[in-house]
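*Asks:* Here's a structure for you.
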Amino acid sequence: MLSPPFQRSVFVNCPFDEEFSPILQAIAFCIAELGFYPRLAPENADNAANRLDRILELIRGSKYSIHDLSRCKSRGVGEFSRLNMPFELGIDFGCKRFSEGTCEAKTMLILEETRWDYQKSLSDIAGWDIHSHDGDHIKAVKRVRDWLVRQEGAAQVGSTKILDSYADFQGWYWDRELGRGASDDDIREYPTIQVVEAMIEWVNLGRPS
Amino acid sequence: MAKIGQHVVPNTGGWSVKRSGATKASSVHRTQAEAIEAAKRLARKQGGELYIHGRDGRIIQRSSFGSEPFRSRG
């Protein structure tokens, strides 16, 4: 399968845990609805080396990127913060800074759950395009929409319309999967990467209801 | 044939009932329970689907009030 074009690709560097998946899926839908391609690292990579190679490929192939640093903050005693997201943000920044050619045009949006948290964990990025979503999918869509519509070639669609379309997509998706023999529980447990592929399909089909 | 779907979805201050494909909410409510009741009335009247979304925006329940080729299974 051909990779989406660099100019329309958005690398999504977000947590893949179940708790974050509603926000990740809403962000991915917003990207697809505005005419771009959400690019996510596969959850079922064969091994760590392959996964990292895949991430490098996605970073190199995406003009835009969204890095969510919500998991940089541990919530309890003994809990580790997650370092994959800032690690991949660093690779992306290095790609933009040290590459010559198309990668110099790369543009990033940084998201965090609570405003100003980055100042306590990654203050080197002060002054970048950083916004908080408070763990709320509606706010996450608004932040991504506001950033992406400023980019070249983005559809000029309001966030309320995007959220309405997100509900329509889900209705279509549930009906289709039930028709294919899935149960409600099956659909709820579908991996995010599968749901994101269906989002792109839905947009390409002309947003059927 | 396109089916008429009613969605109960969260908004910033409460809950909305929205028909599939519509650009405006049919009604807005303070609680999800109130929105579900309003959406059920519409779905029964129109013989369509009812999709109840959770606070996180994802569908948590689907019910059909018309003839359907398949049944929602939990």
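Identifiers in this document derive from the order of the structure tokens: chains are assigned A, B, ..., residues are numbered from 1 separately in each chain, and ligands are numbered from 1 in order of occurrence.
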Could I get the residues of chain A with an atom no further than 10 Å from an atom of chain B, each paired with its nearest atom pair and that distance in Å to one decimal, using only C-alpha atoms, sorted by chain and residue number, as JSON lines?
*Replies:*
```
{"residue": "A:Glu19", "atom": "CA", "partner": "B:Asp56", "partner_atom": "CA", "distance": 9.9}
{"residue": "A:Phe20", "atom": "CA", "partner": "B:Asp56", "partner_atom": "CA", "distance": 9.8}
{"residue": "A:Ser21", "atom": "CA", "partner": "B:Asp56", "partner_atom": "CA", "distance": 9.4}
{"residue": "A:Pro22", "atom": "CA", "partner": "B:Asp56", "partner_atom": "CA", "distance": 5.9}
{"residue": "A:Ile23", "atom": "CA", "partner": "B:Asp56", "partner_atom": "CA", "distance": 7.6}
{"residue": "A:Gln25", "atom": "CA", "partner": "B:Arg58", "partner_atom": "CA", "distance": 9.1}
{"residue": "A:Ala26", "atom": "CA", "partner": "B:Gly57", "partner_atom": "CA", "distance": 8.0}
{"residue": "A:Gly135", "atom": "CA", "partner": "B:Asp56", "partner_atom": "CA", "distance": 9.3}
{"residue": "A:Asp136", "atom": "CA", "partner": "B:Asp56", "partner_atom": "CA", "distance": 7.1}
{"residue": "A:His137", "atom": "CA", "partner": "B:Asp56", "partner_atom": "CA", "distance": 6.2}
{"residue": "A:Ile138", "atom": "CA", "partner": "B:Thr12", "partner_atom": "CA", "distance": 7.6}
{"residue": "A:Lys139", "atom": "CA", "partner": "B:Thr12", "partner_atom": "CA", "distance": 8.9}
{"residue": "A:Thr160", "atom": "CA", "partner": "B:Thr23", "partner_atom": "CA", "distance": 8.6}
{"residue": "A:Lys161", "atom": "CA", "partner": "B:Thr23", "partner_atom": "CA", "distance": 6.6}
{"residue": "A:Ile162", "atom": "CA", "partner": "B:Thr23", "partner_atom": "CA", "distance": 9.9}
{"residue": "A:Leu163", "atom": "CA", "partner": "B:Gly57", "partner_atom": "CA", "distance": 8.6}
{"residue": "A:Asp164", "atom": "CA", "partner": "B:Thr23", "partner_atom": "CA", "distance": 7.1}
{"residue": "A:Ser165", "atom": "CA", "partner": "B:Gly21", "partner_atom": "CA", "distance": 7.3}
{"residue": "A:Tyr166", "atom": "CA", "partner": "B:Gly57", "partner_atom": "CA", "distance": 8.4}
{"residue": "A:Ala167", "atom": "CA", "partner": "B:His7", "partner_atom": "CA", "distance": 7.0}
{"residue": "A:Asp168", "atom": "CA", "partner": "B:Ser20", "partner_atom": "CA", "distance": 5.5}
{"residue": "A:Phe169", "atom": "CA", "partner": "B:Ser20", "partner_atom": "CA", "distance": 9.1}
{"residue": "A:Gln170", "atom": "CA", "partner": "B:Ile59", "partner_atom": "CA", "distance": 7.0}
{"residue": "A:Gly171", "atom": "CA", "partner": "B:Tyr51", "partner_atom": "CA", "distance": 6.8}
{"residue": "A:Trp172", "atom": "CA", "partner": "B:Ser20", "partner_atom": "CA", "distance": 9.4}
{"residue": "A:Trp174", "atom": "CA", "partner": "B:Arg62", "partner_atom": "CA", "distance": 8.3}
{"residue": "A:Asp175", "atom": "CA", "partner": "B:Phe70", "partner_atom": "CA", "distance": 8.6}
{"residue": "A:Leu178", "atom": "CA", "partner": "B:Ser72", "partner_atom": "CA", "distance": 6.8}
{"residue": "A:Gly179", "atom": "CA", "partner": "B:Phe70", "partner_atom": "CA", "distance": 6.1}
{"residue": "A:Arg180", "atom": "CA", "partner": "B:Phe70", "partner_atom": "CA", "distance": 9.2}
{"residue": "A:Gly181", "atom": "CA", "partner": "B:Phe70", "partner_atom": "CA", "distance": 8.5}
{"residue": "A:Ala182", "atom": "CA", "partner": "B:Arg73", "partner_atom": "CA", "distance": 8.1}
{"residue": "A:Ser183", "atom": "CA", "partner": "B:Arg73", "partner_atom": "CA", "distance": 4.9}
{"residue": "A:Asp184", "atom": "CA", "partner": "B:Gly74", "partner_atom": "CA", "distance": 4.8}
{"residue": "A:Asp185", "atom": "CA", "partner": "B:Gly74", "partner_atom": "CA", "distance": 5.7}
{"residue": "A:Asp186", "atom": "CA", "partner": "B:Gly74", "partner_atom": "CA", "distance": 8.6}
{"residue": "A:Ile187", "atom": "CA", "partner": "B:Ile59", "partner_atom": "CA", "distance": 9.7}
{"residue": "A:Arg188", "atom": "CA", "partner": "B:Ile60", "partner_atom": "CA", "distance": 7.9}
{"residue": "A:Arg207", "atom": "CA", "partner": "B:Gly21", "partner_atom": "CA", "distance": 9.1}
{"residue": "A:Pro208", "atom": "CA", "partner": "B:Ala2", "partner_atom": "CA", "distance": 8.6}
{"residue": "A:Ser209", "atom": "CA", "partner": "B:Ser20", "partner_atom": "CA", "distance": 6.5}
```
*Asks:* Would you put the residues from that selection into a file with C-alpha atoms, as a CSV table (one decimal), in the first residue's frame?
*Replies:*
```csv
chain,number,residue,atom,x,y,z
A,19,GLU,CA,-7.7,5.2,29.3
A,20,PHE,CA,-6.3,7.5,26.7
A,21,SER,CA,-7.9,5.8,23.7
A,22,PRO,CA,-11.0,8.0,23.6
A,23,ILE,CA,-8.8,11.1,23.2
A,25,GLN,CA,-9.4,8.3,18.6
A,26,ALA,CA,-11.0,11.7,18.7
A,135,GLY,CA,-8.2,14.8,29.5
A,136,ASP,CA,-11.3,15.8,27.6
A,137,HIS,CA,-11.8,14.6,24.0
A,138,ILE,CA,-13.9,17.7,23.1
A,139,LYS,CA,-11.1,20.1,24.1
A,160,THR,CA,-18.7,21.3,16.6
A,161,LYS,CA,-19.1,20.1,13.0
A,162,ILE,CA,-16.2,17.8,13.5
A,163,LEU,CA,-17.6,16.3,16.7
A,164,ASP,CA,-21.0,15.9,15.0
A,165,SER,CA,-19.3,14.0,12.2
A,166,TYR,CA,-17.4,11.9,14.7
A,167,ALA,CA,-20.8,10.7,16.1
A,168,ASP,CA,-22.0,9.9,12.6
A,169,PHE,CA,-18.9,8.0,11.8
A,170,GLN,CA,-19.3,5.9,14.9
A,171,GLY,CA,-22.9,5.1,14.1
A,172,TRP,CA,-21.9,3.9,10.6
A,174,TRP,CA,-21.1,0.1,14.7
A,175,ASP,CA,-23.8,-0.7,12.1
A,178,LEU,CA,-22.6,-5.6,13.7
A,179,GLY,CA,-23.6,-6.5,10.1
A,180,ARG,CA,-20.3,-8.3,9.8
A,181,GLY,CA,-21.1,-10.4,12.8
A,182,ALA,CA,-19.3,-8.5,15.6
A,183,SER,CA,-20.9,-8.0,19.0
A,184,ASP,CA,-21.1,-4.7,20.9
A,185,ASP,CA,-18.3,-5.9,23.1
A,186,ASP,CA,-16.2,-6.9,20.1
A,187,ILE,CA,-16.5,-3.4,18.7
A,188,ARG,CA,-15.7,-1.7,22.0
A,207,ARG,CA,-19.0,10.2,4.9
A,208,PRO,CA,-22.0,7.8,4.6
A,209,SER,CA,-24.7,7.8,7.3
```
*Asks:* Just asking: which residues within chain B are strand (DSSP E or B) according to DSSP, as a PyMOL selection string?
*Replies:* chain B and resi 5-10+15-19+27-29+49-53+59-64
*Asks:* Nearest residue to A:His67 out of A:Tyr118, A:Phe98, A:Phe36, A:Phe11, using only C-alpha atoms?
*Replies:*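 The closest residue to A:His67 is A:Phe11.
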*Asks:* With only C-alpha atoms as the counted atoms, please give the residues lying no more than 6 Å from stretch 27-44 of chain B, apart from itself and same-chain residues fewer than 2 positions off, as a PyMOL selection string.
*Replies:* chain B and resi 14-17+25+46-48+65
*Asks:* What would the file look like if the residues just selected were written as a PDB file, in the first residue's frame with N, CA, C and O atoms?
*Replies:*
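Result file out.pdb:
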```
ATOM      1  N   GLY B  14     -23.468  19.873  28.860  1.00  0.00           N
ATOM      2  CA  GLY B  14     -24.458  18.851  29.175  1.00  0.00           C
ATOM      3  C   GLY B  14     -24.510  17.797  28.089  1.00  0.00           C
ATOM      4  O   GLY B  14     -23.475  17.240  27.711  1.00  0.00           O
ATOM      5  N   TRP B  15     -25.741  17.583  27.561  1.00  0.00           N
ATOM      6  CA  TRP B  15     -25.925  16.522  26.581  1.00  0.00           C
ATOM      7  C   TRP B  15     -26.832  17.006  25.454  1.00  0.00           C
ATOM      8  O   TRP B  15     -27.754  17.781  25.680  1.00  0.00           O
ATOM      9  N   SER B  16     -26.585  16.499  24.254  1.00  0.00           N
ATOM     10  CA  SER B  16     -27.392  16.869  23.095  1.00  0.00           C
ATOM     11  C   SER B  16     -27.978  15.624  22.454  1.00  0.00           C
ATOM     12  O   SER B  16     -27.402  14.534  22.541  1.00  0.00           O
ATOM     13  N   VAL B  17     -29.115  15.814  21.793  1.00  0.00           N
ATOM     14  CA  VAL B  17     -29.664  14.790  20.906  1.00  0.00           C
ATOM     15  C   VAL B  17     -29.453  15.288  19.487  1.00  0.00           C
ATOM     16  O   VAL B  17     -29.811  16.426  19.165  1.00  0.00           O
ATOM     17  N   ALA B  25     -28.157  20.311  16.839  1.00  0.00           N
ATOM     18  CA  ALA B  25     -28.773  19.385  17.787  1.00  0.00           C
ATOM     19  C   ALA B  25     -30.292  19.544  17.749  1.00  0.00           C
ATOM     20  O   ALA B  25     -30.810  20.655  17.606  1.00  0.00           O
ATOM     21  N   GLN B  46     -39.689   7.485  14.674  1.00  0.00           N
ATOM     22  CA  GLN B  46     -39.131   7.414  13.317  1.00  0.00           C
ATOM     23  C   GLN B  46     -38.647   6.019  12.943  1.00  0.00           C
ATOM     24  O   GLN B  46     -38.248   5.791  11.799  1.00  0.00           O
ATOM     25  N   GLY B  47     -38.675   5.116  13.911  1.00  0.00           N
ATOM     26  CA  GLY B  47     -38.252   3.748  13.629  1.00  0.00           C
ATOM     27  C   GLY B  47     -36.800   3.621  13.244  1.00  0.00           C
ATOM     28  O   GLY B  47     -36.444   2.923  12.298  1.00  0.00           O
ATOM     29  N   GLY B  48     -35.955   4.301  13.972  1.00  0.00           N
ATOM     30  CA  GLY B  48     -34.536   4.265  13.622  1.00  0.00           C
ATOM     31  C   GLY B  48     -33.665   3.736  14.743  1.00  0.00           C
ATOM     32  O   GLY B  48     -34.143   3.062  15.656  1.00  0.00           O
ATOM     33  N   PHE B  65     -34.959   0.678  16.883  1.00  0.00           N
ATOM     34  CA  PHE B  65     -36.394   0.808  17.060  1.00  0.00           C
ATOM     35  C   PHE B  65     -37.140   0.577  15.747  1.00  0.00           C
ATOM     36  O   PHE B  65     -38.308   0.866  15.633  1.00  0.00           O
TER      37      PHE B  65
END
```
*Asks:* Calculate how many Å separate atom CA of A:Tyr37 from atom CA of A:Arg71, rounding to one decimal.
*Replies:* 23.9 Å
*Asks:* From stretch 41-99 of chain A, collect each residue whose DSSP state is helix (DSSP H, G or I) and return the set as a PyMOL selection string.
*Replies:* chain A and resi 48-60+70-72+84-98
*Asks:* For the residues in that selection, give me C-alpha atoms as an mmCIF file, in the first residue's frame.
*Replies:*
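In the end it all went to part11.cif:
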```
data_model
loop_
_atom_site.group_PDB
_atom_site.id
_atom_site.type_symbol
_atom_site.label_atom_id
_atom_site.label_comp_id
_atom_site.auth_asym_id
_atom_site.auth_seq_id
_atom_site.Cartn_x
_atom_site.Cartn_y
_atom_site.Cartn_z
ATOM 1 C CA ALA A 48 11.009 -3.243 19.770
ATOM 2 C CA ALA A 49 13.545 -2.685 16.971
ATOM 3 C CA ASN A 50 10.888 -2.966 14.279
ATOM 4 C CA ARG A 51 8.653 -0.630 16.224
ATOM 5 C CA LEU A 52 11.328 2.039 16.462
ATOM 6 C CA ASP A 53 12.178 1.686 12.772
ATOM 7 C CA ARG A 54 8.506 2.110 11.980
ATOM 8 C CA ILE A 55 8.339 5.241 14.144
ATOM 9 C CA LEU A 56 11.360 6.712 12.367
ATOM 10 C CA GLU A 57 9.668 6.030 9.048
ATOM 11 C CA LEU A 58 6.488 7.770 10.230
ATOM 12 C CA ILE A 59 8.428 10.782 11.526
ATOM 13 C CA ARG A 60 10.376 11.112 8.294
ATOM 14 C CA SER A 70 0.126 13.634 29.305
ATOM 15 C CA ARG A 71 1.872 10.524 30.549
ATOM 16 C CA CYS A 72 5.089 12.323 31.499
ATOM 17 C CA ASN A 84 8.285 7.170 24.868
ATOM 18 C CA MET A 85 6.417 10.337 23.943
ATOM 19 C CA PRO A 86 9.183 12.841 24.831
ATOM 20 C CA PHE A 87 11.716 10.465 23.261
ATOM 21 C CA GLU A 88 9.828 10.480 19.952
ATOM 22 C CA LEU A 89 9.298 14.238 20.223
ATOM 23 C CA GLY A 90 13.071 14.581 20.469
ATOM 24 C CA ILE A 91 13.598 12.425 17.391
ATOM 25 C CA ASP A 92 11.042 14.513 15.492
ATOM 26 C CA PHE A 93 12.704 17.764 16.542
ATOM 27 C CA GLY A 94 16.105 16.393 15.530
ATOM 28 C CA CYS A 95 14.704 15.327 12.170
ATOM 29 C CA LYS A 96 13.419 18.842 11.538
ATOM 30 C CA ARG A 97 16.541 20.559 12.829
ATOM 31 C CA PHE A 98 19.257 18.436 11.245
#
```
*Asks:* With only C-alpha atoms as the atoms that count, which of A:Asp68, A:Glu79, A:Asp17, A:Glu33 lies nearest to A:Val157?
*Replies:*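 Checking each candidate against A:Val157, we get A:Glu33 as the closest.
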*Asks:* If you measure from atom CA of A:Leu40 to atom CA of A:Leu24, what distance in Å do you get, rounded to one decimal?
*Replies:*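 About the pair atom CA of A:Leu40 and atom CA of A:Leu24: they are 10.0 Å apart.
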